[in-house]
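Novice: Dropping in structure.txt, which is compact mmCIF, C-alpha atoms and all ligand atoms:
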# COMPACT_ATOMS: atom_id res chain seq x y z
CA MET A 28 -10.60 -67.41 -161.59
CA SER A 29 -11.66 -63.81 -161.23
CA TRP A 30 -14.39 -62.89 -163.56
CA GLY A 31 -16.42 -60.78 -161.15
CA VAL A 32 -19.80 -62.40 -160.95
CA PRO A 33 -22.28 -59.81 -159.76
CA SER A 34 -24.29 -60.66 -156.68
CA PRO A 35 -26.65 -62.52 -156.17
CA PHE A 36 -25.11 -64.95 -158.65
CA ARG A 37 -22.11 -65.87 -156.55
CA PHE A 38 -23.54 -69.36 -156.28
CA LEU A 39 -22.29 -69.89 -159.83
CA ARG A 40 -18.89 -70.37 -158.28
CA ALA A 41 -20.04 -72.48 -155.39
CA VAL A 42 -22.35 -74.96 -157.06
CA PRO A 43 -20.69 -78.13 -158.25
CA ARG A 44 -21.49 -78.87 -161.82
CA GLY A 45 -23.55 -81.94 -162.49
CA LEU A 46 -21.96 -84.94 -164.08
CA ALA A 47 -23.25 -86.51 -167.21
CA ALA A 48 -24.64 -90.02 -167.35
CA LEU A 49 -22.32 -92.97 -167.44
CA PRO A 50 -22.97 -96.05 -169.59
CA SER A 51 -24.59 -99.05 -168.01
CA TYR A 52 -21.50 -101.11 -167.33
CA VAL A 53 -20.66 -98.94 -164.36
CA ALA A 54 -23.21 -100.83 -162.29
CA ARG A 55 -21.04 -103.92 -162.11
CA ARG A 56 -19.55 -104.58 -158.71
CA HIS A 57 -16.01 -105.57 -158.19
CA VAL A 58 -15.67 -109.27 -157.33
CA SER A 59 -12.49 -110.77 -156.07
CA ARG A 60 -11.38 -113.81 -158.02
CA PRO A 61 -10.49 -116.80 -155.85
CA GLY A 62 -6.93 -117.82 -156.50
CA GLY A 63 -6.28 -114.74 -158.54
CA ARG A 64 -4.29 -111.72 -157.62
CA PRO A 65 -4.82 -110.39 -154.11
CA GLU A 66 -7.83 -108.16 -153.75
CA GLN A 67 -6.98 -104.64 -154.67
CA GLU A 68 -8.44 -101.53 -153.23
CA VAL A 69 -11.65 -100.49 -154.96
CA ARG A 70 -12.25 -96.77 -155.11
CA THR A 71 -15.75 -95.34 -154.86
CA TYR A 72 -16.70 -92.25 -156.84
CA TYR A 73 -19.76 -90.32 -155.75
CA LEU A 74 -21.37 -88.61 -158.71
CA LEU A 75 -23.87 -85.81 -158.76
CA PRO A 76 -26.30 -86.41 -161.62
CA THR A 77 -27.37 -83.62 -163.93
CA GLN A 78 -31.03 -82.71 -164.36
CA TRP A 79 -31.78 -84.22 -161.02
CA SER A 80 -34.47 -82.25 -159.20
CA LEU A 81 -38.13 -82.27 -158.21
CA HIS A 82 -39.12 -81.05 -161.65
CA PHE A 83 -37.86 -84.32 -163.11
CA VAL A 84 -39.63 -86.63 -160.66
CA MET A 85 -43.00 -84.95 -160.19
CA THR A 86 -45.93 -85.56 -162.51
CA GLU A 87 -47.30 -82.50 -164.33
CA ARG A 88 -50.15 -82.37 -161.86
CA GLU A 89 -47.86 -82.59 -158.85
CA TRP A 90 -45.64 -79.88 -160.29
CA GLN A 91 -48.60 -77.52 -160.77
CA ASN A 92 -49.68 -78.24 -157.23
CA PHE A 93 -46.17 -77.52 -155.95
CA LYS A 94 -46.22 -74.17 -157.80
CA GLU A 95 -49.49 -73.21 -156.13
CA ARG A 96 -48.06 -74.04 -152.71
CA VAL A 97 -45.00 -71.86 -153.32
CA LYS A 98 -47.19 -68.99 -154.55
CA GLY A 99 -49.19 -69.31 -151.37
CA ALA A 100 -46.03 -69.06 -149.29
CA ILE A 101 -44.59 -65.98 -151.08
CA PRO A 102 -47.03 -63.04 -151.32
CA ASP A 103 -44.78 -61.17 -153.76
CA TRP A 104 -43.99 -64.24 -155.85
CA ALA A 105 -44.74 -62.62 -159.25
CA ARG A 106 -41.60 -60.44 -159.25
CA CYS A 107 -38.16 -61.96 -159.65
CA PRO A 108 -36.18 -61.57 -156.40
CA LEU A 109 -32.81 -62.04 -158.14
CA CYS A 110 -32.60 -59.14 -160.59
CA PRO A 111 -32.52 -55.35 -160.17
CA LYS A 112 -35.47 -54.68 -162.45
CA ARG A 113 -37.48 -57.34 -160.66
CA CYS A 114 -38.65 -58.78 -163.96
CA LYS A 115 -41.81 -60.83 -164.28
CA ALA A 116 -41.28 -64.11 -162.45
CA THR A 117 -42.57 -67.00 -164.51
CA ASP A 118 -40.41 -70.00 -163.62
CA LEU A 119 -40.44 -72.02 -160.44
CA ASP A 120 -36.87 -72.31 -159.20
CA GLU A 121 -35.83 -75.04 -156.79
CA ILE A 122 -33.14 -73.92 -154.35
CA TRP A 123 -30.59 -76.57 -153.39
CA GLU A 124 -27.63 -76.75 -151.07
CA TYR A 125 -24.71 -79.00 -151.89
CA ASP A 126 -23.14 -80.78 -148.94
CA HIS A 127 -19.78 -81.95 -150.26
CA GLN A 128 -18.78 -83.45 -146.94
CA ASP A 129 -21.62 -85.96 -146.86
CA ARG A 130 -22.40 -85.82 -150.60
CA VAL A 131 -26.00 -84.77 -150.11
CA LYS A 132 -28.06 -82.53 -152.35
CA ARG A 133 -30.38 -80.81 -149.92
CA PHE A 134 -33.59 -79.00 -150.84
CA SER A 135 -33.80 -75.66 -149.05
CA GLY A 136 -36.75 -73.90 -150.65
CA ALA A 137 -38.34 -72.62 -153.85
CA GLN A 138 -39.09 -69.29 -155.48
CA PHE A 139 -40.37 -67.86 -158.73
CA ILE A 140 -37.76 -66.19 -160.92
CA CYS A 141 -37.68 -64.66 -164.40
CA ARG A 142 -36.59 -66.51 -167.55
CA GLY A 143 -33.31 -64.61 -167.76
CA CYS A 144 -32.25 -65.43 -164.21
CA HIS A 145 -33.39 -69.00 -164.68
CA TRP A 146 -31.15 -69.32 -167.72
CA LEU A 147 -28.18 -68.02 -165.74
CA LYS A 148 -28.86 -70.48 -162.90
CA SER A 149 -29.09 -73.47 -165.22
CA PRO A 150 -25.75 -74.92 -166.42
CA THR A 151 -27.50 -77.29 -168.81
CA TRP A 152 -29.48 -74.48 -170.38
CA ARG A 153 -26.38 -72.28 -170.69
CA MET A 154 -24.43 -75.06 -172.41
CA GLU A 155 -27.31 -75.48 -174.84
CA THR A 156 -27.11 -71.79 -175.69
CA TRP A 157 -23.33 -71.80 -176.18
CA THR A 158 -23.58 -74.88 -178.39
CA LYS A 159 -26.34 -73.40 -180.52
CA ALA A 160 -24.44 -70.13 -180.87
CA ALA A 161 -21.30 -72.00 -181.97
CA GLU A 162 -23.31 -73.86 -184.59
CA GLY A 163 -24.99 -70.68 -185.79
CA ARG A 164 -28.40 -71.97 -184.70
CA LEU A 165 -29.15 -69.10 -182.32
CA PRO A 166 -31.47 -66.47 -183.78
CA ALA A 167 -30.17 -62.90 -183.56
CA PRO A 168 -31.66 -61.28 -180.44
CA SER A 169 -34.12 -58.47 -181.05
CA GLU A 170 -33.11 -56.77 -177.81
CA PRO A 171 -30.10 -56.91 -175.47
CA PRO A 172 -30.08 -60.15 -173.47
CA HIS A 173 -31.34 -60.05 -169.89
CA ILE A 174 -27.90 -60.78 -168.49
CA ILE A 175 -26.65 -57.48 -169.92
CA ASP A 176 -29.79 -55.36 -169.95
CA CYS A 177 -31.08 -56.22 -166.47
CA LEU A 178 -28.19 -57.83 -164.60
CA GLY A 179 -25.63 -55.36 -165.85
CA TRP A 180 -22.99 -57.82 -167.01
CA THR A 181 -20.53 -56.67 -169.65
CA GLU A 182 -19.95 -58.52 -172.93
CA GLU A 183 -16.58 -59.56 -171.49
CA GLN A 184 -18.15 -61.08 -168.40
CA VAL A 185 -20.60 -63.04 -170.52
CA GLU A 186 -17.73 -64.26 -172.66
CA ALA A 187 -15.79 -65.27 -169.52
CA LEU A 188 -18.81 -67.25 -168.35
CA ARG A 189 -19.04 -68.97 -171.74
CA ARG A 190 -15.38 -69.91 -171.66
CA ARG A 191 -15.60 -71.17 -168.10
CA ASP A 192 -18.66 -73.28 -168.90
CA LEU A 193 -16.96 -74.87 -171.90
CA GLU A 194 -13.77 -75.47 -169.96
CA GLU A 195 -15.55 -77.11 -167.04
CA HIS A 196 -17.68 -79.18 -169.38
CA GLY A 197 -14.50 -80.45 -171.06
CA LEU A 198 -12.85 -81.23 -167.71
CA GLN A 199 -15.89 -83.14 -166.55
CA ARG A 200 -15.91 -85.25 -169.67
CA GLN A 201 -12.25 -86.08 -169.16
CA GLN A 202 -12.85 -86.92 -165.52
CA LEU A 203 -15.77 -89.18 -166.40
CA ALA A 204 -13.79 -90.93 -169.11
CA HIS A 205 -11.07 -91.60 -166.56
CA ILE A 206 -13.58 -92.98 -164.05
CA GLN A 207 -15.09 -95.21 -166.73
CA VAL A 208 -11.69 -96.74 -167.44
CA GLU A 209 -11.19 -97.50 -163.74
CA VAL A 210 -14.67 -98.98 -163.45
CA GLN A 211 -14.12 -101.20 -166.47
CA ALA A 212 -10.86 -102.39 -164.98
CA GLY A 213 -12.67 -103.29 -161.76
CA GLU A 214 -10.70 -100.69 -159.82
CA ALA A 215 -13.61 -98.43 -158.95
CA ILE A 216 -17.34 -98.28 -158.47
CA VAL A 217 -19.67 -95.31 -158.72
CA ARG A 218 -22.55 -94.24 -156.54
CA PRO A 219 -24.87 -91.23 -156.80
CA TRP A 220 -25.11 -88.51 -154.16
CA GLU A 221 -27.88 -88.73 -151.57
CA VAL A 222 -30.87 -86.40 -151.51
CA ASP A 223 -32.62 -84.66 -148.61
CA LEU A 224 -36.07 -83.17 -149.12
CA THR A 225 -36.91 -82.57 -145.46
CA LEU A 226 -37.56 -78.88 -146.00
CA LEU A 227 -40.42 -79.60 -148.38
CA GLY A 228 -42.31 -79.72 -145.12
CA GLN A 229 -42.53 -75.91 -145.17
CA TYR A 230 -44.94 -76.27 -148.11
CA GLY A 231 -47.18 -78.67 -146.27
CA TYR A 232 -45.86 -81.97 -147.58
CA SER A 233 -46.21 -84.85 -145.13
CA ALA A 234 -43.26 -86.98 -144.01
CA GLN A 235 -44.67 -89.82 -146.09
CA GLU A 236 -44.94 -87.67 -149.23
CA ILE A 237 -41.39 -86.44 -148.69
CA ALA A 238 -40.07 -89.98 -148.29
CA GLU A 239 -41.86 -91.00 -151.48
CA LEU A 240 -40.32 -88.11 -153.45
CA GLU A 241 -36.87 -88.88 -152.05
CA SER A 242 -37.24 -92.46 -153.18
CA ARG A 243 -38.17 -91.29 -156.70
CA MET A 244 -35.15 -89.03 -156.76
CA ARG A 245 -32.87 -91.89 -155.71
CA ASP A 246 -34.26 -94.03 -158.51
CA LEU A 247 -33.72 -91.21 -160.97
CA ALA A 248 -30.14 -90.73 -159.76
CA TRP A 249 -29.33 -94.35 -160.51
CA ARG A 250 -31.05 -94.16 -163.90
CA ARG A 251 -29.06 -91.04 -164.75
CA LEU A 252 -25.84 -92.75 -163.66
CA LEU A 253 -26.56 -95.82 -165.71
CA GLY A 254 -27.51 -93.73 -168.71
CA ARG A 255 -31.07 -94.98 -168.98
ZN ZN B 1 -34.68 -62.13 -162.67
ZN ZN B 2 -34.42 -58.91 -164.68
What does the file become when written as structure tokens?
Specialist:
Amino acid sequence: MSWGVPSPFRFLRAVPRGLAALPSYVARRHVSRPGGRPEQEVRTYYLLPTQWSLHFVMTEREWQNFKERVKGAIPDWARCPLCPKRCKATDLDEIWEYDHQDRVKRFSGAQFICRGCHWLKSPTWRMETWTKAAEGRLPAPSEPPHIIDCLGWTEEQVEALRRRDLEEHGLQRQQLAHIQVEVQAGEAIVRPWEVDLTLLGQYGYSAQEIAELESRMRDLAWRRLLGR
């Protein structure tokens, strides 16, 4: 699809979209029934949970501490590195790489970005906005939105993004519904992606602290998958 995403937001095309939570029955394992039909092949689906990042596993105190470490590592942290006007950077942004081959979500660093760029980077946040707008719950903006005013997108490009988001959201729901049917029929199981936080080391986290955070993220992935 060509809808001309301005740099540096090309990642919008590269990042896989998260998958919504599945109900709890997906945890059941396939068991072969003695004397029944011959064991059939059981497919495994690897799902990437939504809202699955350090922000969701750290305590408030740990998160504040993380912010201070990132500030310490980036002298010019207060200006957004993603937009032309270099707007005031207020939000800590976790940077992730998605290894589709090995199904690993890999932490690669962190930076401070502005609200507008943060919105554009966050599929969940964007969907929220589109939904609110469709329901007439979005207050009329007092000034042109950041995506147009600072990033230079046209109304048409924003509309193309909206359509693409809705389309992908719909496809994901269909895909998940299909997987659920297979799981219920005992034909498939689901597992979450793995996580790799090794590069937290650049902010002074010890190997033990990193292992502990990885373990929390794994727990969260399963909770997200099981819809808890
Ligand atoms: Zn920005
Ligand atoms: Zn800006």
Novice: So, with all atoms listed in the file as the atoms that count, which of A:Arg164, A:His196, A:Cys141, A:Gln207 lies closest to ligand ZN 2 (chain B)?
Specialist: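 Of the candidates, the smallest distance to ligand ZN 2 (chain B) is held by A:Cys141.
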Novice: Choose the residue, out of A:Glu214, A:Asp192, A:Asp176, A:Glu182, that has the smallest atom-to-atom separation from ligand ZN 2 (chain B); count only C-alpha atoms and all ligand atoms.
Specialist: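 Of A:Glu214, A:Asp192, A:Asp176, A:Glu182, the one nearest ligand ZN 2 (chain B) is A:Asp176, counting only C-alpha atoms and all ligand atoms.
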Novice: Show me which residues sit within 8 Å of ligand ZN 2 (chain B) when counting only C-alpha atoms and all ligand atoms, and put them as a PDB file with C-alpha atoms, in the frame of the given file.
Specialist:
ATOM      1  CA  CYS A 107     -38.160 -61.960-159.650  1.00  0.00           C
ATOM      2  CA  LEU A 109     -32.810 -62.040-158.140  1.00  0.00           C
ATOM      3  CA  CYS A 110     -32.600 -59.140-160.590  1.00  0.00           C
ATOM      4  CA  PRO A 111     -32.520 -55.350-160.170  1.00  0.00           C
ATOM      5  CA  LYS A 112     -35.470 -54.680-162.450  1.00  0.00           C
ATOM      6  CA  ARG A 113     -37.480 -57.340-160.660  1.00  0.00           C
ATOM      7  CA  CYS A 114     -38.650 -58.780-163.960  1.00  0.00           C
ATOM      8  CA  LYS A 115     -41.810 -60.830-164.280  1.00  0.00           C
ATOM      9  CA  CYS A 141     -37.680 -64.660-164.400  1.00  0.00           C
ATOM     10  CA  GLY A 143     -33.310 -64.610-167.760  1.00  0.00           C
ATOM     11  CA  CYS A 144     -32.250 -65.430-164.210  1.00  0.00           C
ATOM     12  CA  HIS A 173     -31.340 -60.050-169.890  1.00  0.00           C
ATOM     13  CA  ILE A 174     -27.900 -60.780-168.490  1.00  0.00           C
ATOM     14  CA  ASP A 176     -29.790 -55.360-169.950  1.00  0.00           C
ATOM     15  CA  CYS A 177     -31.080 -56.220-166.470  1.00  0.00           C
ATOM     16  CA  LEU A 178     -28.190 -57.830-164.600  1.00  0.00           C
TER      17      LEU A 178
END
Novice: For atom CA of A:Arg218 and atom CA of A:Tyr73, quote the distance in Å rounded to one decimal.
Specialist: 4.9 Å
Novice: With distances taken over all atoms listed in the file, which residue among A:Tyr232, A:Tyr72, A:Trp152, A:Trp220 lies nearest A:Ala248?
Specialist: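 Once distances to A:Ala248 are computed over all atoms listed in the file, the minimum belongs to A:Trp220.
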Novice: Rounded to one decimal place, report the atom CA of A:Arg190-atom CA of A:Lys159 distance in Å.
Specialist: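 Interatomic distance, atom CA of A:Arg190 to atom CA of A:Lys159: 14.5 Å.
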Novice: For A:Phe134, which residue out of A:Glu194, A:Arg200, A:Glu87, A:Trp79 is the nearest one, using all atoms listed in the file?
Specialist: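 Ranked by minimum distance to A:Phe134, first place goes to A:Trp79.
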Novice: Which is closest to ligand ZN 1 (chain B) among A:Thr225, A:Thr86, A:Thr117, A:Gln199, if we use all atoms listed in the file?
Specialist: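 That would be A:Thr117, the residue with the smallest distance to ligand ZN 1 (chain B).
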